[in-house]
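Asker: One file: structure.cif (mmCIF, C-alpha atoms).
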data_structure
#
loop_
_atom_site.label_atom_id
_atom_site.label_comp_id
_atom_site.auth_asym_id
_atom_site.auth_seq_id
_atom_site.Cartn_x
_atom_site.Cartn_y
_atom_site.Cartn_z
CA MET A 1 -206.38 57.07 124.01
CA ARG A 2 -204.25 54.09 125.05
CA SER A 3 -202.93 52.10 122.10
CA TYR A 4 -203.47 48.35 121.91
CA ASN A 5 -200.99 46.08 120.14
CA PRO A 6 -202.32 42.53 120.11
CA ASP A 7 -199.97 39.58 119.62
CA LEU A 8 -200.98 38.26 116.20
CA THR A 9 -198.54 35.30 116.31
CA PRO A 10 -200.50 32.05 115.87
CA PRO A 11 -200.57 30.02 119.11
CA TRP A 12 -198.71 27.11 117.51
CA LYS A 13 -195.77 29.42 116.70
CA ARG A 14 -195.44 30.96 120.15
CA SER A 15 -192.60 29.72 122.35
CA ALA A 16 -193.91 27.91 125.37
CA PRO A 17 -192.57 29.27 128.67
CA VAL A 18 -189.87 27.16 130.30
CA PRO A 19 -189.09 26.86 134.00
CA GLU A 20 -186.38 28.94 135.59
CA VAL A 21 -184.00 26.82 137.66
CA PRO A 22 -181.44 28.24 140.12
CA ALA A 23 -177.91 27.26 139.10
CA GLU A 24 -177.14 25.64 142.45
CA ALA A 25 -173.81 23.91 143.03
CA ASP A 26 -173.73 20.27 141.81
CA LEU A 27 -176.83 20.68 139.62
CA VAL A 28 -176.18 18.54 136.51
CA VAL A 29 -177.34 20.09 133.21
CA GLU A 30 -176.58 19.89 129.50
CA GLU A 31 -175.86 22.98 127.39
CA VAL A 32 -178.19 22.81 124.39
CA SER A 33 -175.91 24.09 121.62
CA THR A 34 -172.81 22.02 122.44
CA GLY A 35 -174.21 19.00 124.29
CA PHE A 36 -171.66 19.55 127.08
CA CYS A 37 -172.98 17.91 130.26
CA GLY A 38 -171.67 18.70 133.70
CA ALA A 39 -172.28 19.80 137.26
CA VAL A 40 -172.50 23.47 138.22
CA ILE A 41 -169.42 24.54 140.12
CA ARG A 42 -169.69 28.34 139.79
CA CYS A 43 -172.28 30.95 138.87
CA GLU A 44 -171.32 34.60 138.43
CA ALA A 45 -171.87 37.65 136.20
CA GLY A 46 -174.44 36.00 133.97
CA THR A 47 -172.33 32.89 133.34
CA VAL A 48 -172.24 29.39 134.73
CA THR A 49 -169.23 27.07 134.91
CA LEU A 50 -169.85 23.35 134.41
CA GLU A 51 -167.54 20.46 135.22
CA ASP A 52 -167.99 17.15 133.41
CA ARG A 53 -167.21 13.75 134.91
CA PHE A 54 -163.67 13.89 133.53
CA GLY A 55 -162.94 17.14 135.39
CA LYS A 56 -163.11 19.39 132.31
CA HIS A 57 -164.50 22.91 132.93
CA ARG A 58 -166.47 25.08 130.49
CA VAL A 59 -168.12 28.46 130.98
CA PHE A 60 -171.49 29.23 129.35
CA PRO A 61 -173.75 32.31 129.32
CA MET A 62 -177.02 31.76 131.18
CA GLU A 63 -179.21 32.48 128.18
CA PRO A 64 -182.97 31.78 128.12
CA ARG A 65 -183.76 28.17 127.15
CA GLY A 66 -180.05 27.46 127.17
CA PHE A 67 -179.88 24.18 129.09
CA LEU A 68 -181.48 20.76 129.48
CA LEU A 69 -182.33 19.37 132.91
CA GLU A 70 -183.47 15.74 132.95
CA GLY A 71 -184.19 16.14 129.22
CA ARG A 72 -186.34 19.28 129.64
CA VAL A 73 -185.40 22.73 128.38
CA VAL A 74 -184.82 25.19 131.23
CA THR A 75 -183.47 28.67 131.84
CA LEU A 76 -180.75 28.82 134.45
CA VAL A 77 -180.87 31.78 136.81
CA ARG A 78 -178.56 32.95 139.54
CA PRO A 79 -179.40 31.25 142.86
CA SER A 80 -180.62 33.27 145.80
CA ALA A 81 -178.20 34.17 148.55
CA SER A 82 -180.08 32.09 151.09
CA PRO A 83 -178.73 28.56 151.61
CA ALA A 84 -180.61 25.86 149.77
CA ARG A 85 -180.88 22.16 150.31
CA PRO A 86 -178.72 20.03 148.02
CA THR A 87 -180.54 19.30 144.79
CA ARG A 88 -178.38 16.28 143.98
CA THR A 89 -177.12 13.24 145.80
CA ALA A 90 -173.44 12.32 145.78
CA SER A 91 -174.11 10.15 142.70
CA GLY A 92 -175.61 13.07 140.77
CA SER A 93 -179.22 11.88 141.10
CA ILE A 94 -182.03 14.25 142.07
CA ALA A 95 -182.17 14.51 145.86
CA VAL A 96 -185.45 13.64 147.59
CA PRO A 97 -185.37 15.45 150.97
CA GLY A 98 -187.17 13.57 153.73
CA ALA A 99 -187.61 10.40 151.68
CA ARG A 100 -187.86 7.24 153.75
CA ALA A 101 -185.80 4.17 152.98
CA ARG A 102 -187.72 1.59 150.99
CA VAL A 103 -188.23 -1.90 152.37
CA ALA A 104 -185.31 -3.99 151.14
CA ARG A 105 -185.79 -5.77 147.82
CA ALA A 106 -185.14 -9.45 147.39
CA GLY A 107 -182.40 -8.58 144.91
CA ARG A 108 -178.91 -7.71 146.09
CA ILE A 109 -175.65 -6.19 144.94
CA TYR A 110 -172.51 -8.08 145.98
CA VAL A 111 -169.08 -6.45 146.00
CA GLU A 112 -165.72 -8.07 146.72
CA GLY A 113 -164.73 -6.44 149.98
CA ARG A 114 -165.46 -3.95 152.71
CA HIS A 115 -163.66 -1.09 150.96
CA ASP A 116 -165.78 -1.60 147.83
CA ALA A 117 -168.95 -1.57 149.96
CA GLU A 118 -167.91 1.59 151.80
CA LEU A 119 -167.13 3.40 148.56
CA VAL A 120 -170.47 2.41 147.01
CA GLU A 121 -172.25 3.59 150.16
CA ARG A 122 -170.33 6.87 150.10
CA VAL A 123 -171.52 7.81 146.61
CA TRP A 124 -174.71 5.82 146.00
CA GLY A 125 -176.01 5.35 149.55
CA ASP A 126 -178.97 7.77 149.25
CA ASP A 127 -180.05 6.21 145.95
CA LEU A 128 -179.78 2.66 147.28
CA ARG A 129 -181.90 3.41 150.37
CA ILE A 130 -184.65 4.96 148.25
CA GLU A 131 -184.56 1.96 145.90
CA GLY A 132 -184.38 -0.58 148.74
CA VAL A 133 -181.17 -2.18 147.49
CA VAL A 134 -178.84 -3.86 149.99
CA VAL A 135 -175.10 -4.09 149.26
CA GLU A 136 -173.14 -6.99 150.76
CA TYR A 137 -169.46 -7.86 150.48
CA LEU A 138 -167.96 -11.26 149.76
CA GLU A 139 -164.30 -11.08 150.90
CA GLY A 140 -163.19 -12.21 147.46
CA ILE A 141 -164.88 -14.11 144.62
CA ASP A 142 -163.10 -17.46 144.62
CA ASP A 143 -166.35 -19.20 145.62
CA LEU A 144 -168.60 -17.04 143.44
CA PRO A 145 -170.44 -19.85 141.57
CA ALA A 146 -171.41 -21.49 144.87
CA ILE A 147 -172.43 -18.14 146.37
CA VAL A 148 -174.68 -17.42 143.39
CA ALA A 149 -176.24 -20.89 143.56
CA ASP A 150 -176.93 -20.42 147.27
CA PHE A 151 -178.58 -17.03 146.58
CA ALA A 152 -180.87 -18.65 143.96
CA PRO A 153 -181.41 -15.57 141.74
CA ALA A 154 -184.75 -15.20 139.97
CA ALA A 155 -186.62 -12.62 137.90
CA ASP A 156 -187.95 -11.02 141.09
CA ALA A 157 -184.69 -11.43 143.01
CA ARG A 158 -181.91 -10.35 140.71
CA LEU A 159 -178.28 -10.36 141.71
CA GLY A 160 -175.67 -7.82 140.66
CA ILE A 161 -171.97 -8.42 141.31
CA LEU A 162 -169.11 -5.90 141.16
CA VAL A 163 -165.70 -7.46 140.53
CA ASP A 164 -162.27 -5.87 140.85
CA HIS A 165 -159.76 -6.32 138.00
CA LEU A 166 -162.31 -7.81 135.60
CA VAL A 167 -160.14 -7.87 132.48
CA PRO A 168 -159.66 -10.57 129.80
CA GLY A 169 -157.46 -13.43 130.96
CA SER A 170 -157.57 -12.57 134.65
CA LYS A 171 -158.51 -15.05 137.36
CA GLU A 172 -161.54 -12.88 138.07
CA SER A 173 -162.78 -13.11 134.49
CA ARG A 174 -162.44 -16.92 134.48
CA ILE A 175 -164.46 -17.22 137.68
CA ALA A 176 -167.12 -14.78 136.44
CA ALA A 177 -167.52 -16.81 133.22
CA GLN A 178 -168.74 -19.77 135.27
CA VAL A 179 -171.90 -17.85 136.25
CA THR A 180 -174.50 -18.05 133.47
CA SER A 181 -177.82 -17.19 135.13
CA PRO A 182 -179.83 -14.58 133.14
CA ASP A 183 -180.84 -13.00 136.46
CA VAL A 184 -177.23 -12.29 137.43
CA LEU A 185 -175.23 -9.37 136.07
CA ILE A 186 -171.49 -9.37 136.70
CA VAL A 187 -169.64 -6.17 135.88
CA GLY A 188 -166.29 -4.84 136.95
CA HIS A 189 -163.56 -2.32 136.54
CA PRO A 190 -159.98 -2.77 135.27
CA TYR A 191 -158.26 -1.70 138.49
CA ILE A 192 -156.31 -4.10 140.71
CA ASP A 193 -158.20 -2.75 143.72
CA VAL A 194 -161.06 -0.32 144.21
CA TRP A 195 -158.56 2.18 145.66
CA GLU A 196 -157.48 2.90 142.07
CA ALA A 197 -161.06 3.76 141.09
CA VAL A 198 -160.67 6.97 143.10
CA LYS A 199 -159.16 9.70 140.92
CA PRO A 200 -155.54 10.42 141.90
CA SER A 201 -156.25 14.17 141.83
CA SER A 202 -158.93 13.71 144.50
CA VAL A 203 -156.41 11.99 146.76
CA GLY A 204 -153.77 14.64 146.09
CA ILE A 205 -151.34 12.49 144.11
CA ALA A 206 -150.22 12.62 140.48
CA ALA A 207 -151.01 8.97 139.76
CA TRP A 208 -151.43 5.62 141.47
CA PRO A 209 -147.97 3.97 141.65
CA THR A 210 -147.14 0.70 139.94
CA VAL A 211 -146.46 -2.02 142.49
CA PRO A 212 -144.09 -4.84 141.39
CA HIS A 213 -145.72 -8.22 140.90
CA GLY A 214 -145.51 -10.40 143.99
CA GLN A 215 -145.82 -7.57 146.50
CA ASP A 216 -148.96 -6.88 148.49
CA TRP A 217 -150.53 -4.15 146.38
CA LYS A 218 -151.96 -1.98 149.17
CA THR A 219 -148.82 -2.16 151.27
CA GLY A 220 -146.78 -1.33 148.19
CA ILE A 221 -148.95 1.72 147.51
CA CYS A 222 -148.43 2.99 151.06
CA ARG A 223 -144.68 2.38 150.87
CA THR A 224 -144.27 4.08 147.50
CA LEU A 225 -146.31 7.13 148.49
CA GLY A 226 -144.53 7.47 151.81
CA TRP A 227 -147.65 6.74 153.82
CA PRO A 228 -147.53 4.71 157.05
CA GLU A 229 -147.88 1.04 156.14
CA ASN A 230 -151.31 0.84 157.72
CA THR A 231 -153.69 -0.05 154.92
CA GLY A 232 -156.79 0.52 157.07
CA ALA A 233 -155.73 4.08 157.89
CA ALA A 234 -154.70 4.65 154.26
CA TRP A 235 -158.14 3.61 153.05
CA GLN A 236 -159.88 5.93 155.51
CA HIS A 237 -157.75 8.78 154.16
CA ILE A 238 -158.68 7.88 150.58
CA LEU A 239 -162.37 7.51 151.41
CA SER A 240 -162.42 10.88 153.19
CA ARG A 241 -161.43 12.54 149.91
CA VAL A 242 -164.43 11.13 148.04
CA HIS A 243 -167.34 13.57 148.15
CA SER A 244 -169.30 12.71 145.00
CA TYR A 245 -169.22 10.82 141.70
CA LYS A 246 -166.79 13.43 140.40
CA ASP A 247 -164.06 11.88 142.55
CA LEU A 248 -164.39 8.47 140.88
CA GLU A 249 -163.18 7.07 137.57
CA PRO A 250 -165.82 6.58 134.82
CA GLU A 251 -165.22 2.82 134.68
CA LEU A 252 -166.51 2.38 138.23
CA LEU A 253 -169.37 4.86 137.79
CA GLY A 254 -170.75 3.04 134.79
CA ALA A 255 -170.40 -0.38 136.41
CA VAL A 256 -172.31 0.54 139.58
CA GLU A 257 -175.07 2.34 137.65
CA ARG A 258 -175.58 -0.79 135.53
CA LEU A 259 -175.86 -2.94 138.64
CA ILE A 260 -178.46 -0.66 140.23
CA ASP A 261 -180.50 -0.69 137.02
CA HIS A 262 -180.28 -4.47 136.80
CA VAL A 263 -181.52 -4.99 140.33
CA THR A 264 -184.28 -2.35 140.29
CA VAL A 265 -185.72 -2.13 136.76
CA PRO A 266 -188.72 -4.49 136.38
#
Output the file's structure in the form of structure tokens.

Answerer:
Amino acid sequence: MRSYNPDLTPPWKRSAPVPEVPAEADLVVEEVSTGFCGAVIRCEAGTVTLEDRFGKHRVFPMEPRGFLLEGRVVTLVRPSASPARPTRTASGSIAVPGARARVARAGRIYVEGRHDAELVERVWGDDLRIEGVVVEYLEGIDDLPAIVADFAPAADARLGILVDHLVPGSKESRIAAQVTSPDVLIVGHPYIDVWEAVKPSSVGIAAWPTVPHGQDWKTGICRTLGWPENTGAAWQHILSRVHSYKDLEPELLGAVERLIDHVTVP
């Protein structure tokens, strides 16, 4: 006679099943016991290697219920050999294959120059199209108060502005202080130019050089690094080395994410 061993554990004490998620490259998860959050860069022999936004690597066993994905407990499993579509955009957001661009919102994000706009597009372009956010560049912020007044920001047409070298006492900080509208958010990064917001390791250099005061900063960078003194070509080289948010400094990442939230959150 076949034996029967019923599960006598009360229903409220049974562990609910959790989804199994393939540990695809660039999937961002959090390890439950340590709180370490990072993108998957390697999966092998029952382990997964994560890289956080500062470039630190840690290896974890792929144990059941061992990770959080978007706040939900999951079990990571080894991905299949067949190629899969990217699960994340360059900014680390969940990819939405086939999603159509949303009709542009009334709100806008302004950045100082073309290089800033190209870098934002490189990393956040997919997210911005889904959200319907247009990025425009200003060619400097000397006339920022007048530009804001002309835009006429409102609760349903918010304005976000990204400023280079926004540090206490700088010209940029004094200009930004003149804008007081509650529907405008001005954020920035501490770098002289957005070039510096790209991690030196991503560009293949040890550090961004210090350019003496009074010299054109971009030309000085090219000269010090031994690059041809063609700032347009230098920027294209830098931009080509940016593949995702992991190639950017945290100060820029946080600033752009705040601007997107400001423009899109009701």

Asker: So the first atom is CA of Trp217 (chain A) and the second is CA of Glu139 (chain A); what is the distance between them in Å, to one decimal place?

Answerer: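 Between CA of Trp217 (chain A) and CA of Glu139 (chain A) the gap works out to 16.1 Å.
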
Asker: Could you tell me which of A:Arg108, A:Arg223, A:His237, A:Arg53 comes closest to Pro153 (chain A) if we count all atoms listed in the file?

Answerer: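 Closest residue, counting all atoms listed in the file: A:Arg108.
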
Asker: Tell me which residues the PyMOL selection byres ((chain A and resi 172) around 12) grabs here, as a VMD selection string.

Answerer: chain A and resid 112 140 to 145 161 to 171 173 to 179 186 to 192

Asker: By how many Å are CA of Asp126 (chain A) and CA of Thr264 (chain A) apart?

Answerer: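 Between CA of Asp126 (chain A) and CA of Thr264 (chain A) the gap works out to 14.5 Å.
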
Asker: Taking all atoms listed in the file into account, name the residue in A:Pro17, A:Pro182, A:Pro228, A:Gly66 that is nearest to Thr34 (chain A).

Answerer: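 Closest to Thr34 (chain A), using all atoms listed in the file: A:Gly66.
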
Asker: Take the PyMOL selection byres ((chain A and resi 240) around 12), run it mentally on this structure, and tell me the resulting residues as a list in words.

Answerer: Glu118, Leu119, Arg122, Val123, Val198, Ser202, Val203, Gly204, Ala233, Ala234, Trp235, Gln236, His237, Ile238, Leu239, Arg241, Val242, His243, Ser244 and Asp247 of chain A

Asker: Which neighbours of Thr49 (chain A) fall inside 6 Å, counting all atoms listed in the file, when residues of the same chain fewer than 5 positions from it are skipped, and could you give them as number ranges by chain?

Answerer: A: 40-42, 58-59

Asker: For the file shown, what are the residues hit by the PyMOL selection byres ((chain A and resi 27) around 7), laid out as a PDB file with C-alpha atoms, in the coordinates of the input?

Answerer:
ATOM      1  CA  ALA A  23    -177.910  27.260 139.100  1.00  0.00           C
ATOM      2  CA  GLU A  24    -177.140  25.640 142.450  1.00  0.00           C
ATOM      3  CA  ALA A  25    -173.810  23.910 143.030  1.00  0.00           C
ATOM      4  CA  ASP A  26    -173.730  20.270 141.810  1.00  0.00           C
ATOM      5  CA  VAL A  28    -176.180  18.540 136.510  1.00  0.00           C
ATOM      6  CA  VAL A  29    -177.340  20.090 133.210  1.00  0.00           C
ATOM      7  CA  ALA A  39    -172.280  19.800 137.260  1.00  0.00           C
ATOM      8  CA  VAL A  40    -172.500  23.470 138.220  1.00  0.00           C
ATOM      9  CA  THR A  87    -180.540  19.300 144.790  1.00  0.00           C
ATOM     10  CA  ARG A  88    -178.380  16.280 143.980  1.00  0.00           C
TER      11      ARG A  88
END

Asker: Closest to Asp193 (chain A) among A:Leu76, A:Leu128, A:Val211, A:Val21, using only C-alpha atoms?

Answerer: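 Residue with the minimum atom-to-atom distance to Asp193 (chain A): A:Val211.
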
Asker: May I ask for the distance between CA of Gly125 (chain A) and CA of Gly107 (chain A), given in Å to one decimal place?

Answerer: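 Interatomic distance, CA of Gly125 (chain A) to CA of Gly107 (chain A): 16.0 Å.
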
Asker: Any chance you could export region 36-48 of chain A with all heavy atoms, as a PDB file, in the first residue's frame?

Answerer:
ATOM      1  N   PHE A  36      23.630  44.529  -0.491  1.00  0.00           N
ATOM      2  CA  PHE A  36      24.470  44.961  -1.616  1.00  0.00           C
ATOM      3  C   PHE A  36      23.627  44.983  -2.882  1.00  0.00           C
ATOM      4  O   PHE A  36      22.978  44.005  -3.241  1.00  0.00           O
ATOM      5  CB  PHE A  36      25.644  43.999  -1.796  1.00  0.00           C
ATOM      6  CG  PHE A  36      26.641  44.427  -2.848  1.00  0.00           C
ATOM      7  CD1 PHE A  36      27.711  45.233  -2.509  1.00  0.00           C
ATOM      8  CD2 PHE A  36      26.503  44.021  -4.171  1.00  0.00           C
ATOM      9  CE1 PHE A  36      28.637  45.625  -3.469  1.00  0.00           C
ATOM     10  CE2 PHE A  36      27.422  44.408  -5.134  1.00  0.00           C
ATOM     11  CZ  PHE A  36      28.491  45.206  -4.781  1.00  0.00           C
ATOM     12  N   CYS A  37      23.636  46.128  -3.581  1.00  0.00           N
ATOM     13  CA  CYS A  37      22.827  46.301  -4.792  1.00  0.00           C
ATOM     14  C   CYS A  37      23.746  46.523  -5.976  1.00  0.00           C
ATOM     15  O   CYS A  37      24.665  47.338  -5.906  1.00  0.00           O
ATOM     16  CB  CYS A  37      21.878  47.482  -4.631  1.00  0.00           C
ATOM     17  SG  CYS A  37      20.782  47.735  -6.041  1.00  0.00           S
ATOM     18  N   GLY A  38      23.498  45.776  -7.048  1.00  0.00           N
ATOM     19  CA  GLY A  38      24.347  45.939  -8.221  1.00  0.00           C
ATOM     20  C   GLY A  38      23.793  45.232  -9.433  1.00  0.00           C
ATOM     21  O   GLY A  38      22.777  44.536  -9.372  1.00  0.00           O
ATOM     22  N   ALA A  39      24.482  45.423 -10.549  1.00  0.00           N
ATOM     23  CA  ALA A  39      24.084  44.812 -11.814  1.00  0.00           C
ATOM     24  C   ALA A  39      24.836  43.497 -12.009  1.00  0.00           C
ATOM     25  O   ALA A  39      26.016  43.382 -11.655  1.00  0.00           O
ATOM     26  CB  ALA A  39      24.375  45.752 -12.972  1.00  0.00           C
ATOM     27  N   VAL A  40      24.162  42.511 -12.567  1.00  0.00           N
ATOM     28  CA  VAL A  40      24.783  41.221 -12.843  1.00  0.00           C
ATOM     29  C   VAL A  40      25.824  41.399 -13.941  1.00  0.00           C
ATOM     30  O   VAL A  40      25.541  41.964 -15.006  1.00  0.00           O
ATOM     31  CB  VAL A  40      23.733  40.190 -13.293  1.00  0.00           C
ATOM     32  CG1 VAL A  40      24.414  38.896 -13.737  1.00  0.00           C
ATOM     33  CG2 VAL A  40      22.735  39.914 -12.177  1.00  0.00           C
ATOM     34  N   ILE A  41      27.046  40.954 -13.667  1.00  0.00           N
ATOM     35  CA  ILE A  41      28.068  40.983 -14.706  1.00  0.00           C
ATOM     36  C   ILE A  41      28.575  39.582 -15.053  1.00  0.00           C
ATOM     37  O   ILE A  41      29.214  39.391 -16.090  1.00  0.00           O
ATOM     38  CB  ILE A  41      29.264  41.874 -14.302  1.00  0.00           C
ATOM     39  CG1 ILE A  41      29.944  41.333 -13.037  1.00  0.00           C
ATOM     40  CG2 ILE A  41      28.834  43.307 -14.109  1.00  0.00           C
ATOM     41  CD1 ILE A  41      31.265  42.030 -12.746  1.00  0.00           C
ATOM     42  N   ARG A  42      28.267  38.588 -14.180  1.00  0.00           N
ATOM     43  CA  ARG A  42      28.732  37.228 -14.449  1.00  0.00           C
ATOM     44  C   ARG A  42      27.876  36.246 -13.678  1.00  0.00           C
ATOM     45  O   ARG A  42      27.469  36.508 -12.552  1.00  0.00           O
ATOM     46  CB  ARG A  42      30.202  37.075 -14.039  1.00  0.00           C
ATOM     47  CG  ARG A  42      30.869  35.784 -14.498  1.00  0.00           C
ATOM     48  CD  ARG A  42      32.336  35.766 -14.084  1.00  0.00           C
ATOM     49  NE  ARG A  42      33.056  36.931 -14.577  1.00  0.00           N
ATOM     50  CZ  ARG A  42      33.493  37.931 -13.811  1.00  0.00           C
ATOM     51  NH1 ARG A  42      33.289  37.885 -12.489  1.00  0.00           N
ATOM     52  NH2 ARG A  42      34.123  38.955 -14.325  1.00  0.00           N
ATOM     53  N   CYS A  43      27.605  35.099 -14.291  1.00  0.00           N
ATOM     54  CA  CYS A  43      26.849  34.040 -13.634  1.00  0.00           C
ATOM     55  C   CYS A  43      27.492  32.707 -13.988  1.00  0.00           C
ATOM     56  O   CYS A  43      27.555  32.330 -15.162  1.00  0.00           O
ATOM     57  CB  CYS A  43      25.385  34.071 -14.103  1.00  0.00           C
ATOM     58  SG  CYS A  43      24.367  32.768 -13.395  1.00  0.00           S
ATOM     59  N   GLU A  44      27.974  31.983 -12.967  1.00  0.00           N
ATOM     60  CA  GLU A  44      28.669  30.725 -13.241  1.00  0.00           C
ATOM     61  C   GLU A  44      28.725  29.869 -11.977  1.00  0.00           C
ATOM     62  O   GLU A  44      28.792  30.386 -10.864  1.00  0.00           O
ATOM     63  CB  GLU A  44      30.096  30.998 -13.742  1.00  0.00           C
ATOM     64  CG  GLU A  44      30.934  31.827 -12.798  1.00  0.00           C
ATOM     65  CD  GLU A  44      32.269  32.248 -13.395  1.00  0.00           C
ATOM     66  OE1 GLU A  44      32.507  31.952 -14.574  1.00  0.00           O
ATOM     67  OE2 GLU A  44      33.058  32.873 -12.670  1.00  0.00           O
ATOM     68  N   ALA A  45      28.665  28.559 -12.166  1.00  0.00           N
ATOM     69  CA  ALA A  45      28.853  27.585 -11.084  1.00  0.00           C
ATOM     70  C   ALA A  45      28.042  27.900  -9.836  1.00  0.00           C
ATOM     71  O   ALA A  45      28.534  27.803  -8.717  1.00  0.00           O
ATOM     72  CB  ALA A  45      30.333  27.479 -10.723  1.00  0.00           C
ATOM     73  N   GLY A  46      26.789  28.262 -10.016  1.00  0.00           N
ATOM     74  CA  GLY A  46      25.921  28.505  -8.875  1.00  0.00           C
ATOM     75  C   GLY A  46      26.150  29.821  -8.169  1.00  0.00           C
ATOM     76  O   GLY A  46      25.619  30.039  -7.080  1.00  0.00           O
ATOM     77  N   THR A  47      26.943  30.714  -8.756  1.00  0.00           N
ATOM     78  CA  THR A  47      27.189  32.015  -8.148  1.00  0.00           C
ATOM     79  C   THR A  47      26.879  33.120  -9.159  1.00  0.00           C
ATOM     80  O   THR A  47      26.864  32.898 -10.372  1.00  0.00           O
ATOM     81  CB  THR A  47      28.648  32.167  -7.685  1.00  0.00           C
ATOM     82  OG1 THR A  47      29.518  32.127  -8.826  1.00  0.00           O
ATOM     83  CG2 THR A  47      29.016  31.073  -6.708  1.00  0.00           C
ATOM     84  N   VAL A  48      26.667  34.303  -8.616  1.00  0.00           N
ATOM     85  CA  VAL A  48      26.436  35.468  -9.461  1.00  0.00           C
ATOM     86  C   VAL A  48      27.333  36.594  -8.962  1.00  0.00           C
ATOM     87  O   VAL A  48      27.508  36.772  -7.750  1.00  0.00           O
ATOM     88  CB  VAL A  48      24.952  35.889  -9.450  1.00  0.00           C
ATOM     89  CG1 VAL A  48      24.506  36.309  -8.050  1.00  0.00           C
ATOM     90  CG2 VAL A  48      24.685  37.018 -10.440  1.00  0.00           C
TER      91      VAL A  48
END
